[in-house]
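> So here's work_28.cif, just mmCIF, C-alpha atoms:
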```
data_entry
#
loop_
_atom_site.label_atom_id
_atom_site.label_comp_id
_atom_site.auth_asym_id
_atom_site.auth_seq_id
_atom_site.Cartn_x
_atom_site.Cartn_y
_atom_site.Cartn_z
CA MET A 1 -9.56 -16.81 10.41
CA LEU A 2 -8.24 -14.93 7.36
CA GLN A 3 -11.62 -14.40 5.71
CA ARG A 4 -13.28 -13.29 8.93
CA TYR A 5 -10.48 -10.80 9.59
CA CYS A 6 -10.58 -9.39 6.05
CA GLN A 7 -14.36 -9.05 6.20
CA GLN A 8 -14.06 -6.62 9.11
CA PRO A 9 -13.61 -3.01 7.87
CA SER A 10 -10.87 -1.12 9.76
CA ILE A 11 -10.25 2.19 8.00
CA ALA A 12 -8.12 4.51 10.13
CA ALA A 13 -8.50 7.50 7.81
CA GLN A 14 -12.29 7.36 8.24
CA GLN A 15 -12.37 5.88 11.77
CA VAL A 16 -14.50 3.00 10.49
CA GLY A 17 -14.59 -0.29 12.41
CA ILE A 18 -11.61 0.37 14.69
CA ALA A 19 -13.16 -0.77 17.98
CA GLU A 20 -14.69 -3.86 16.37
CA THR A 21 -11.35 -4.78 14.79
CA VAL A 22 -9.48 -4.41 18.07
CA ARG A 23 -11.89 -6.87 19.66
CA LEU A 24 -11.49 -9.28 16.74
CA VAL A 25 -7.67 -9.16 16.75
CA LYS A 26 -7.63 -9.65 20.50
CA GLU A 27 -9.84 -12.73 20.07
CA MET A 28 -7.62 -14.10 17.27
CA ALA A 29 -4.45 -13.74 19.37
CA LYS A 30 -6.12 -15.40 22.37
CA GLN A 31 -7.28 -18.28 20.18
CA ALA A 32 -3.65 -18.76 19.15
CA GLY A 33 -2.70 -19.04 22.83
CA GLY A 34 -1.40 -15.54 23.50
CA GLU A 35 -1.58 -13.29 26.53
CA VAL A 36 -3.13 -10.10 25.18
CA SER A 37 -2.98 -6.50 26.40
CA VAL A 38 -4.61 -3.49 24.75
CA PHE A 39 -2.98 -0.09 25.29
CA ASP A 40 -5.06 3.01 24.66
CA ASP A 41 -3.56 5.60 27.02
CA CYS A 42 -1.26 7.48 24.62
CA GLY A 43 -3.87 8.74 22.17
CA GLY A 44 -4.94 7.53 18.74
CA ASN A 45 -6.15 4.04 17.95
CA PRO A 46 -5.32 1.27 20.46
CA VAL A 47 -2.09 -0.74 20.26
CA ILE A 48 -2.38 -4.49 20.85
CA CYS A 49 0.36 -6.52 22.53
CA ALA A 50 0.21 -10.32 22.27
CA GLU A 51 2.82 -12.46 24.03
CA PHE A 52 3.54 -16.16 23.56
CA ALA A 53 5.99 -18.00 25.82
CA ALA A 54 8.50 -20.54 24.53
CA GLY A 55 7.40 -24.15 24.91
CA PRO A 56 8.92 -26.71 27.31
CA ARG A 57 11.80 -27.43 24.92
CA GLY A 58 12.03 -23.88 23.59
CA ASN A 59 14.69 -21.21 24.13
CA ARG A 60 13.31 -18.82 26.76
CA ASP A 61 16.32 -16.52 26.29
CA LYS A 62 15.31 -15.56 22.74
CA THR A 63 12.39 -13.33 21.77
CA LEU A 64 11.16 -12.51 18.27
CA LEU A 65 8.89 -9.50 17.78
CA PHE A 66 6.33 -9.27 14.97
CA TYR A 67 5.06 -5.87 13.86
CA ASN A 68 1.68 -5.68 12.12
CA HIS A 69 -1.16 -3.19 11.75
CA TYR A 70 -4.88 -3.81 11.73
CA ASP A 71 -5.91 -0.64 9.87
CA VAL A 72 -6.33 -0.58 6.10
CA GLN A 73 -6.59 1.97 3.32
CA PRO A 74 -10.04 3.25 2.27
CA PRO A 75 -11.49 0.99 -0.43
CA GLU A 76 -12.47 3.82 -2.81
CA PRO A 77 -13.02 3.94 -5.77
CA LEU A 78 -15.65 1.32 -5.07
CA ASP A 79 -16.81 0.98 -8.69
CA GLU A 80 -13.37 -0.34 -9.72
CA TRP A 81 -13.60 -3.44 -7.54
CA THR A 82 -14.54 -6.71 -9.25
CA TYR A 83 -15.54 -8.21 -5.89
CA PRO A 84 -16.76 -6.55 -2.68
CA PRO A 85 -13.79 -4.91 -0.91
CA PHE A 86 -14.78 -6.45 2.44
CA GLY A 87 -16.25 -9.66 1.06
CA ALA A 88 -13.01 -11.66 1.29
CA GLU A 89 -14.26 -13.81 -1.57
CA ILE A 90 -12.03 -16.54 -2.99
CA HIS A 91 -11.66 -16.69 -6.77
CA ASP A 92 -8.99 -18.49 -8.83
CA GLY A 93 -6.98 -19.31 -5.74
CA LYS A 94 -6.91 -15.73 -4.49
CA VAL A 95 -8.55 -13.94 -1.55
CA PHE A 96 -9.83 -10.53 -2.67
CA ALA A 97 -10.25 -7.90 0.04
CA ARG A 98 -9.03 -4.51 1.15
CA GLY A 99 -6.19 -5.27 3.55
CA ALA A 100 -5.65 -8.87 2.39
CA ALA A 101 -2.06 -8.06 1.40
CA ASP A 102 -1.63 -4.92 3.49
CA ASN A 103 -1.58 -6.23 6.15
CA LYS A 104 -4.18 -8.69 7.39
CA GLY A 105 -2.86 -11.69 5.49
CA ASP A 106 0.56 -11.37 7.12
CA LEU A 107 -0.79 -11.18 10.67
CA THR A 108 -2.92 -14.25 10.03
CA VAL A 109 0.06 -16.13 8.54
CA ARG A 110 2.07 -15.51 11.72
CA LEU A 111 -0.71 -16.50 14.09
CA GLN A 112 -1.34 -19.69 12.10
CA ALA A 113 2.38 -20.53 12.27
CA ILE A 114 2.28 -20.12 16.04
CA ILE A 115 -0.79 -22.37 16.30
CA ALA A 116 0.95 -25.05 14.23
CA LEU A 117 4.09 -24.94 16.39
CA ARG A 118 2.16 -24.95 19.66
CA GLU A 119 0.25 -28.03 18.49
CA ASN A 120 3.52 -29.80 17.65
CA GLY A 121 5.69 -29.53 20.72
CA GLY A 122 5.50 -25.84 21.58
CA LEU A 123 7.13 -22.61 20.45
CA PRO A 124 10.90 -22.73 19.94
CA CYS A 125 11.33 -19.20 21.38
CA ASN A 126 9.32 -16.39 22.94
CA VAL A 127 7.17 -14.41 20.53
CA LYS A 128 5.64 -10.95 20.86
CA PHE A 129 3.32 -9.01 18.59
CA LEU A 130 2.88 -5.26 18.34
CA ILE A 131 -0.27 -4.62 16.30
CA GLU A 132 -1.20 -0.98 15.78
CA GLY A 133 -4.11 0.76 14.08
CA GLU A 134 -2.68 3.90 12.47
CA GLU A 135 -0.02 2.73 10.01
CA GLU A 136 -2.03 3.83 7.00
CA ILE A 137 -2.20 7.39 8.37
CA GLY A 138 1.48 7.66 9.32
CA SER A 139 1.50 5.99 12.79
CA PRO A 140 1.32 9.32 14.65
CA SER A 141 0.63 7.75 18.05
CA LEU A 142 2.97 4.77 17.85
CA PRO A 143 6.21 6.43 19.09
CA ALA A 144 4.53 7.38 22.37
CA TYR A 145 3.40 3.77 22.92
CA LEU A 146 6.86 2.43 22.06
CA GLU A 147 8.49 4.84 24.48
CA LYS A 148 6.09 4.09 27.33
CA TYR A 149 5.92 0.32 26.82
CA ALA A 150 9.46 -0.32 25.57
CA ASP A 151 10.07 -3.04 28.15
CA GLN A 152 6.90 -4.84 27.05
CA PHE A 153 8.06 -4.95 23.42
CA LYS A 154 11.79 -5.63 23.95
CA ALA A 155 13.07 -8.37 21.65
CA ASP A 156 16.20 -9.71 20.00
CA ALA A 157 14.96 -9.19 16.44
CA CYS A 158 11.84 -8.08 14.57
CA ILE A 159 9.87 -9.29 11.56
CA TRP A 160 8.16 -6.34 9.87
CA GLU A 161 4.71 -6.20 8.38
CA PHE A 162 4.87 -6.77 4.60
CA GLY A 163 6.50 -8.59 1.71
CA GLY A 164 5.73 -10.81 -1.23
CA LYS A 165 6.93 -12.49 -4.39
CA ASN A 166 8.41 -10.53 -7.28
CA MET A 167 7.65 -11.13 -10.97
CA ASP A 168 10.14 -14.01 -11.03
CA GLY A 169 8.38 -15.80 -8.17
CA GLN A 170 11.12 -15.05 -5.65
CA PRO A 171 10.22 -13.95 -2.11
CA GLN A 172 11.27 -10.31 -1.86
CA MET A 173 12.26 -8.92 1.52
CA VAL A 174 13.73 -5.70 2.87
CA ALA A 175 15.91 -4.85 5.85
CA GLY A 176 15.06 -1.17 6.04
CA ILE A 177 12.58 1.47 5.00
CA LYS A 178 12.52 5.04 3.73
CA GLY A 179 11.28 7.92 5.84
CA MET A 180 8.60 10.44 5.00
CA CYS A 181 7.92 14.15 5.16
CA TYR A 182 4.30 14.62 4.06
CA LEU A 183 3.49 18.25 3.36
CA GLN A 184 0.42 20.31 2.59
CA LEU A 185 0.78 23.60 0.69
CA TRP A 186 -1.95 26.13 0.09
CA CYS A 187 -2.35 29.57 -1.38
CA HIS A 188 -5.24 32.01 -0.88
CA GLY A 189 -5.71 34.85 -3.37
CA ALA A 190 -9.14 36.22 -2.49
CA ASP A 191 -12.16 35.68 -0.26
CA VAL A 192 -14.32 34.39 -3.13
CA ASP A 193 -13.86 32.87 -6.57
CA LEU A 194 -13.81 35.55 -9.27
CA HIS A 195 -14.99 35.78 -12.84
CA SER A 196 -12.02 34.73 -14.96
CA SER A 197 -12.10 38.05 -16.82
CA ASN A 198 -10.37 39.40 -13.74
CA GLY A 199 -7.33 37.39 -14.76
CA ALA A 200 -6.20 40.54 -16.55
CA ILE A 201 -5.56 42.26 -13.22
CA VAL A 202 -5.87 39.72 -10.35
CA ASP A 203 -3.24 37.12 -9.54
CA ASN A 204 -4.42 33.53 -9.63
CA ALA A 205 -3.96 31.29 -6.56
CA ALA A 206 -3.70 28.21 -8.75
CA TRP A 207 -0.94 29.70 -10.90
CA ARG A 208 0.90 30.87 -7.79
CA LEU A 209 0.84 27.40 -6.31
CA VAL A 210 1.87 25.72 -9.59
CA GLN A 211 4.78 28.13 -9.92
CA ALA A 212 5.82 27.51 -6.32
CA LEU A 213 5.75 23.76 -6.92
CA ALA A 214 7.71 24.08 -10.16
CA SER A 215 10.42 26.05 -8.35
CA MET A 216 11.17 23.02 -6.17
CA LYS A 217 11.98 20.47 -8.87
CA SER A 218 13.78 20.71 -12.21
CA VAL A 219 12.60 19.23 -15.49
CA ASP A 220 15.29 16.55 -15.10
CA HIS A 221 13.80 15.63 -11.68
CA ARG A 222 16.46 17.18 -9.45
CA ILE A 223 15.00 18.57 -6.21
CA LEU A 224 15.98 22.25 -6.05
CA VAL A 225 15.28 22.99 -2.38
CA ASP A 226 18.54 24.26 -0.90
CA GLY A 227 20.13 21.69 1.39
CA PHE A 228 17.65 18.94 0.55
CA TYR A 229 20.43 16.46 -0.21
CA GLU A 230 23.03 17.65 2.30
CA ASP A 231 22.39 14.92 4.90
CA VAL A 232 22.20 12.07 2.38
CA ALA A 233 25.08 9.71 3.13
CA SER A 234 27.30 8.42 0.32
CA LEU A 235 26.54 4.88 -0.75
CA THR A 236 29.01 2.19 0.23
CA PRO A 237 30.25 -0.23 -2.46
CA GLU A 238 28.28 -2.95 -0.67
CA LEU A 239 24.99 -1.06 -0.99
CA VAL A 240 25.64 -0.34 -4.65
CA GLN A 241 26.40 -4.01 -5.23
CA TYR A 242 23.09 -5.06 -3.65
CA ALA A 243 21.23 -2.78 -6.07
CA GLU A 244 23.16 -3.96 -9.09
CA GLU A 245 22.67 -7.63 -8.27
CA GLN A 246 18.89 -7.50 -7.81
CA PRO A 247 16.64 -7.86 -10.85
CA PHE A 248 14.50 -5.00 -12.09
CA HIS A 249 12.17 -5.71 -15.01
CA ALA A 250 11.64 -2.25 -16.41
CA GLU A 251 9.81 -3.32 -19.55
CA ARG A 252 7.47 -5.62 -17.66
CA MET A 253 6.74 -2.83 -15.21
CA LYS A 254 5.97 -0.36 -18.01
CA GLU A 255 3.63 -2.84 -19.69
CA HIS A 256 1.88 -3.87 -16.46
CA LEU A 257 1.29 -0.27 -15.31
CA GLY A 258 0.73 1.24 -18.73
CA LEU A 259 3.48 3.81 -18.22
CA ARG A 260 3.43 6.53 -20.89
CA ARG A 261 6.87 7.99 -20.21
CA PRO A 262 10.36 6.56 -19.65
CA LEU A 263 11.55 5.84 -16.12
CA ILE A 264 13.13 8.95 -14.63
CA SER A 265 16.12 6.93 -13.42
CA GLY A 266 17.45 7.13 -16.99
CA ASP A 267 20.37 4.83 -17.73
CA GLU A 268 21.05 4.11 -14.06
CA ASN A 269 19.84 1.00 -12.28
CA PRO A 270 16.33 1.83 -11.00
CA ASN A 271 17.11 0.04 -7.72
CA LEU A 272 19.64 2.73 -6.87
CA HIS A 273 16.85 5.30 -6.99
CA LEU A 274 14.08 3.19 -5.44
CA TRP A 275 16.16 2.15 -2.45
CA TYR A 276 18.58 5.00 -1.85
CA ALA A 277 17.35 8.26 -3.38
CA PRO A 278 15.07 10.76 -1.61
CA THR A 279 12.05 11.93 -3.57
CA MET A 280 9.54 14.75 -3.79
CA THR A 281 6.17 13.75 -5.25
CA ILE A 282 3.05 15.78 -5.88
CA CYS A 283 0.30 13.54 -4.51
CA GLY A 284 -2.60 15.82 -5.39
CA ILE A 285 -3.60 19.34 -6.44
CA GLU A 286 -6.99 20.94 -5.91
CA SER A 287 -8.28 24.29 -7.12
CA GLY A 288 -11.11 25.93 -9.01
CA TYR A 289 -13.60 24.08 -11.20
CA THR A 290 -12.91 20.59 -12.56
CA GLY A 291 -16.44 19.38 -13.34
CA ASP A 292 -18.08 18.74 -16.70
CA GLY A 293 -18.23 21.51 -19.27
CA SER A 294 -16.81 24.95 -18.62
CA LYS A 295 -16.94 27.42 -15.78
CA THR A 296 -14.90 30.57 -16.33
CA VAL A 297 -13.56 31.11 -12.84
CA LEU A 298 -10.46 32.54 -11.22
CA PRO A 299 -9.98 30.36 -8.13
CA ARG A 300 -9.72 32.04 -4.75
CA ARG A 301 -7.57 29.24 -3.34
CA ALA A 302 -5.39 26.29 -4.30
CA GLN A 303 -3.82 23.49 -2.32
CA ALA A 304 -1.44 20.62 -2.95
CA LYS A 305 -0.13 17.63 -1.03
CA LEU A 306 3.47 16.46 -1.38
CA ASP A 307 5.34 13.51 -0.01
CA CYS A 308 9.10 13.46 0.33
CA ARG A 309 10.53 9.97 0.80
CA LEU A 310 13.63 10.30 2.95
CA VAL A 311 16.78 8.22 3.37
CA PRO A 312 18.89 7.64 6.51
CA ASN A 313 20.17 10.83 8.19
CA GLN A 314 17.39 13.01 6.76
CA ASP A 315 15.02 14.57 9.31
CA PRO A 316 11.41 15.34 8.26
CA ASP A 317 11.26 18.44 10.49
CA ASP A 318 14.44 19.73 8.87
CA ILE A 319 13.01 19.12 5.38
CA LEU A 320 9.89 21.09 6.33
CA GLU A 321 11.99 24.10 7.35
CA LYS A 322 14.08 23.89 4.19
CA VAL A 323 10.93 23.92 2.05
CA ARG A 324 9.66 26.94 3.97
CA ARG A 325 12.94 28.80 3.47
CA HIS A 326 12.94 27.89 -0.22
CA LEU A 327 9.45 29.32 -0.73
CA HIS A 328 10.31 32.56 1.06
CA ARG A 329 13.63 32.91 -0.77
CA HIS A 330 11.85 32.58 -4.12
CA GLY A 331 9.16 35.12 -3.30
CA PHE A 332 6.33 32.73 -2.45
CA THR A 333 5.69 34.15 1.01
CA ASP A 334 1.95 33.78 0.38
CA VAL A 335 2.26 30.01 -0.02
CA GLU A 336 1.80 28.33 3.35
CA VAL A 337 3.19 24.91 4.17
CA SER A 338 2.65 22.50 7.05
CA GLN A 339 3.71 18.94 7.79
CA VAL A 340 0.92 16.36 7.90
CA ASN A 341 3.20 13.62 9.22
CA GLY A 342 6.85 12.71 9.29
CA GLU A 343 8.93 9.60 9.81
CA ARG A 344 12.66 8.95 9.68
CA ALA A 345 14.29 6.18 7.64
CA TYR A 346 15.78 3.02 9.15
CA ARG A 347 18.18 0.42 7.81
CA SER A 348 19.33 -2.78 9.50
CA GLU A 349 22.88 -4.05 9.27
CA MET A 350 22.83 -6.26 6.19
CA ASN A 351 25.50 -8.58 7.59
CA HIS A 352 23.57 -9.26 10.80
CA PRO A 353 23.08 -13.02 11.41
CA PHE A 354 19.30 -12.52 11.72
CA VAL A 355 19.10 -10.92 8.28
CA ARG A 356 20.96 -13.90 6.79
CA MET A 357 18.73 -16.29 8.76
CA VAL A 358 15.53 -14.83 7.31
CA LYS A 359 16.89 -15.14 3.77
CA GLU A 360 18.16 -18.70 4.29
CA THR A 361 14.90 -19.98 5.78
CA ALA A 362 12.96 -18.30 2.97
CA ARG A 363 15.01 -20.27 0.45
CA GLU A 364 14.09 -23.48 2.29
CA ALA A 365 10.39 -22.60 2.43
CA TYR A 366 9.96 -21.34 -1.13
CA GLY A 367 12.48 -23.57 -2.90
CA VAL A 368 14.03 -20.60 -4.75
CA GLU A 369 16.62 -17.98 -3.90
CA ALA A 370 15.15 -15.12 -1.89
CA VAL A 371 15.83 -11.46 -2.66
CA MET A 372 16.90 -9.20 0.21
CA ALA A 373 17.02 -5.44 -0.35
CA PRO A 374 18.60 -3.01 2.12
CA THR A 375 15.70 -0.57 1.92
CA SER A 376 12.08 -0.47 0.84
CA ALA A 377 10.98 2.32 -1.45
CA GLY A 378 8.00 2.76 0.87
CA THR A 379 7.68 4.11 4.39
CA GLY A 380 6.72 2.83 7.82
CA PRO A 381 7.49 3.45 11.49
CA MET A 382 10.71 1.42 11.75
CA TYR A 383 12.77 4.26 13.16
CA PRO A 384 11.00 4.49 16.55
CA PHE A 385 11.46 0.72 16.95
CA GLY A 386 15.19 1.24 16.73
CA GLU A 387 15.01 4.37 18.87
CA TYR A 388 13.12 2.80 21.78
CA LEU A 389 13.85 -0.93 21.45
CA GLY A 390 17.53 -0.70 20.54
CA HIS A 391 19.39 1.04 17.70
CA SER A 392 20.99 -2.22 16.60
CA LEU A 393 17.65 -4.08 16.47
CA PRO A 394 17.66 -6.13 13.23
CA ILE A 395 14.38 -5.71 11.36
CA VAL A 396 13.40 -7.64 8.23
CA SER A 397 10.13 -7.31 6.34
CA THR A 398 8.68 -10.39 4.68
CA GLY A 399 5.14 -11.48 3.89
CA CYS A 400 2.57 -13.33 1.82
CA GLY A 401 1.85 -10.84 -0.98
CA TRP A 402 2.68 -11.15 -4.65
CA TRP A 403 3.78 -8.75 -7.34
CA ASN A 404 0.19 -8.00 -8.40
CA SER A 405 -1.39 -7.86 -4.92
CA ARG A 406 -2.55 -4.30 -5.69
CA ALA A 407 -2.18 -3.03 -2.14
CA HIS A 408 -3.93 0.35 -1.76
CA ALA A 409 -5.73 -0.25 -5.09
CA PRO A 410 -9.01 -1.92 -6.10
CA ASP A 411 -8.99 -5.73 -6.26
CA GLU A 412 -6.30 -6.14 -3.60
CA SER A 413 -5.52 -9.83 -3.18
CA ILE A 414 -3.23 -12.54 -1.90
CA ARG A 415 -2.81 -16.03 -3.32
CA ILE A 416 -3.61 -18.98 -1.07
CA GLU A 417 -0.46 -20.80 -2.22
CA ASP A 418 1.68 -17.83 -1.15
CA PHE A 419 -0.14 -17.69 2.19
CA GLU A 420 0.74 -21.33 2.86
CA GLN A 421 4.40 -20.89 1.85
CA ALA A 422 4.71 -17.79 4.01
CA MET A 423 3.34 -19.76 6.94
CA LEU A 424 5.97 -22.46 6.37
CA HIS A 425 8.64 -19.76 6.24
CA MET A 426 7.56 -18.44 9.64
CA VAL A 427 7.64 -21.96 11.12
CA LEU A 428 11.16 -22.56 9.81
CA LEU A 429 12.35 -19.13 10.93
CA LEU A 430 11.00 -19.52 14.46
CA ASN A 431 12.62 -22.93 14.76
CA ARG A 432 15.98 -21.63 13.55
CA PHE A 433 15.75 -18.52 15.71
CA GLY A 434 15.10 -20.65 18.79
CA GLU A 435 18.28 -22.61 18.12
CA THR A 436 20.52 -19.53 18.26
CA GLN A 437 22.40 -18.57 21.42
CA GLY A 438 22.72 -15.23 23.22
#
```
Rewrite the structure from the file as structure tokens, please.


Amino acid sequence: MLQRYCQQPSIAAQQVGIAETVRLVKEMAKQAGGEVSVFDDCGGNPVICAEFAAGPRGNRDKTLLFYNHYDVQPPEPLDEWTYPPFGAEIHDGKVFARGAADNKGDLTVRLQAIIALRENGGLPCNVKFLIEGEEEIGSPSLPAYLEKYADQFKADACIWEFGGKNMDGQPQMVAGIKGMCYLQLWCHGADVDLHSSNGAIVDNAAWRLVQALASMKSVDHRILVDGFYEDVASLTPELVQYAEEQPFHAERMKEHLGLRRPLISGDENPNLHLWYAPTMTICGIESGYTGDGSKTVLPRRAQAKLDCRLVPNQDPDDILEKVRRHLHRHGFTDVEVSQVNGERAYRSEMNHPFVRMVKETAREAYGVEAVMAPTSAGTGPMYPFGEYLGHSLPIVSTGCGWWNSRAHAPDESIRIEDFEQAMLHMVLLLNRFGETQG
């Protein structure tokens, strides 16, 4: 099941293989014994709903929701893959494929756990799946589906899409996620590229854009957009304690990634920044000539893409307006900005019994203490789940990846051993969840 699923391309950004993947996922869920519906009436790529009823001895008053996505990142650059990105080849105990870790392995783990339970007495509770096809492009259509089909996806708790082992071999999970304001900026200086000799008298679109970008962040990495931090809530002692207690191997990270500069968190615990601090990152800049050799040109246009990772209480639409006001206030009225996508942050209550249950069953499955962080440094559509399925909905993300899974990069992989342990974790969690009352 896993190899067949990973062999099917499903690239949302390029609209490659979406229809074929929907058919395949529907078939996989039916093979596991689910009742499957496909929703495609709110735009975008279809959303799949798979429902599994509790067995004869199961708790029909409890429902666990799994969130997964069937779309994957583009596999480029293709020449940096050791094995074919959609070959799903097995080497040294690992499955190599685009989407193996993010997020096809995790969906397969959960379906296999359901099959195992159904073959051994039945499910201990009701189970639902929401499987979407636009996560890798910001889930723009998902809120509309959640709003329209909220009753279909109602549940008592939710297991999110991803997770994996850290460098110490501990399963690493999160109970929340950062938001996102993804922006595009561009500047036009002329109708055509000019000979660079005109730089003596003609302003340069690339310089204008670089100067506009530099005005938004200081050399010590403080975001300078007025009001950017005003909605950021103060950290509670409990949240600070979580960050201080969790390991962070800075030197190992530097060596593994080949980092050339010190971490910008300075002397502070990097977890405090990864989990709780908003960011502004230049994702890409494009202008002029960047090919081999020289071309003396004054570019007519320049563009950049930024992502701002947001924390609870920050609103992506508000951040967009603050960036616009900043640019105008600093004289960059010729620099245009638009929002590509936006998502708000979400954080579960760390003391919720379900959060503790996920961590405890992980310890049983993996034989080591699990790590639970309040927030992921990454982004996903958790907020609309809380908005439409219940603001107190506990959500925990856990999965079958490992610290070097290389999600979004060439040679993405999962280890078969981790896949099997993650499956055991899901079996134990479903059994424990079915035992709870109310």

> What are the centre and the three edge lengths of an axis-aligned box that wraps all atoms of segment 377-389 of chain A in the file, given that 3 Å is added to every side, written as AutoDock Vina command-line options and rounded to one decimal in Å?


```
--center_x 11.0 --center_y 1.8 --center_z 10.2 --size_x 14.5 --size_y 11.4 --size_z 29.2
```

> With the file shown as input, list the residues that the PyMOL selection byres ((chain A and resi 245) around 10) selects, as JSON, numbers by chain.

{"A": [240, 241, 242, 243, 244, 246, 247, 248, 269, 271, 371, 373]}

> With distances taken over all atoms listed in the file, which of A:Gln31, A:Thr82, A:Ser234, A:Thr108 is nearest to His69 of chain A?

A:Thr108

> Atom CA of Ala50 of chain A and atom CA of Lys30 of chain A, how far apart in Å?

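According to the coordinates, atom CA of Lys30 of chain A and atom CA of Ala50 of chain A are separated by 8.1 Å.
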
> List the residues matched by the PyMOL selection byres ((chain A and resi 196) around 10) in the displayed structure as number ranges by chain, ordered by chain and then by residue number.

A: 193-195, 197-200, 202, 204, 295-299

> Near Val210 of chain A, within 12 Å and counting all atoms listed in the file, which residues show up once chain neighbours fewer than 2 positions away are dropped, as a list in words?

Leu185, Trp186, Cys187, Asn204, Ala205, Ala206, Trp207, Arg208, Ala212, Leu213, Ala214, Ser215, Met216, Lys217, Ile282, Gly284, Ile285, Glu286, Ser287, Arg301, Ala302, Gln303, Ala304, Lys305, Phe332 and Val335 of chain A

> Which residues fall under the PyMOL selection byres ((chain A and resi 277) around 9) in this file, as a list in words?

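So the PyMOL selection byres ((chain A and resi 277) around 9) ends up selecting Val232, Leu272, His273, Leu274, Trp275, Tyr276, Pro278, Thr279, Arg309, Leu310, Val311 and Ala377 of chain A.
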
> Return segment 307-322 of chain A, completed with N, CA and C atoms, as a tab-separated table (two decimals), in the frame of the given file.


```tsv
chain	number	residue	atom	x	y	z
A	307	ASP	N	4.58	14.36	-0.93
A	307	ASP	CA	5.34	13.51	-0.01
A	307	ASP	C	6.80	13.48	-0.45
A	308	CYS	N	7.67	13.59	0.54
A	308	CYS	CA	9.10	13.46	0.33
A	308	CYS	C	9.53	12.17	1.01
A	309	ARG	N	9.98	11.20	0.23
A	309	ARG	CA	10.53	9.97	0.80
A	309	ARG	C	11.98	10.24	1.17
A	310	LEU	N	12.33	9.92	2.40
A	310	LEU	CA	13.63	10.30	2.95
A	310	LEU	C	14.50	9.07	3.16
A	311	VAL	N	15.81	9.29	3.16
A	311	VAL	CA	16.78	8.22	3.37
A	311	VAL	C	17.47	8.46	4.72
A	312	PRO	N	18.24	7.46	5.21
A	312	PRO	CA	18.89	7.64	6.51
A	312	PRO	C	19.66	8.94	6.62
A	313	ASN	N	19.56	9.54	7.80
A	313	ASN	CA	20.17	10.83	8.19
A	313	ASN	C	19.28	12.03	7.89
A	314	GLN	N	18.29	11.89	7.02
A	314	GLN	CA	17.39	13.01	6.76
A	314	GLN	C	16.32	13.08	7.85
A	315	ASP	N	15.98	14.32	8.24
A	315	ASP	CA	15.02	14.57	9.31
A	315	ASP	C	13.80	15.27	8.70
A	316	PRO	N	12.59	14.71	8.87
A	316	PRO	CA	11.41	15.34	8.26
A	316	PRO	C	11.17	16.77	8.73
A	317	ASP	N	11.45	17.07	10.00
A	317	ASP	CA	11.26	18.44	10.49
A	317	ASP	C	12.23	19.40	9.81
A	318	ASP	N	13.44	18.92	9.57
A	318	ASP	CA	14.44	19.73	8.87
A	318	ASP	C	14.02	19.98	7.42
A	319	ILE	N	13.48	18.96	6.77
A	319	ILE	CA	13.01	19.12	5.38
A	319	ILE	C	11.88	20.14	5.32
A	320	LEU	N	10.97	20.11	6.28
A	320	LEU	CA	9.89	21.09	6.33
A	320	LEU	C	10.44	22.51	6.37
A	321	GLU	N	11.42	22.75	7.23
A	321	GLU	CA	11.99	24.10	7.35
A	321	GLU	C	12.72	24.50	6.08
A	322	LYS	N	13.38	23.56	5.43
A	322	LYS	CA	14.08	23.89	4.19
A	322	LYS	C	13.10	24.25	3.08
```
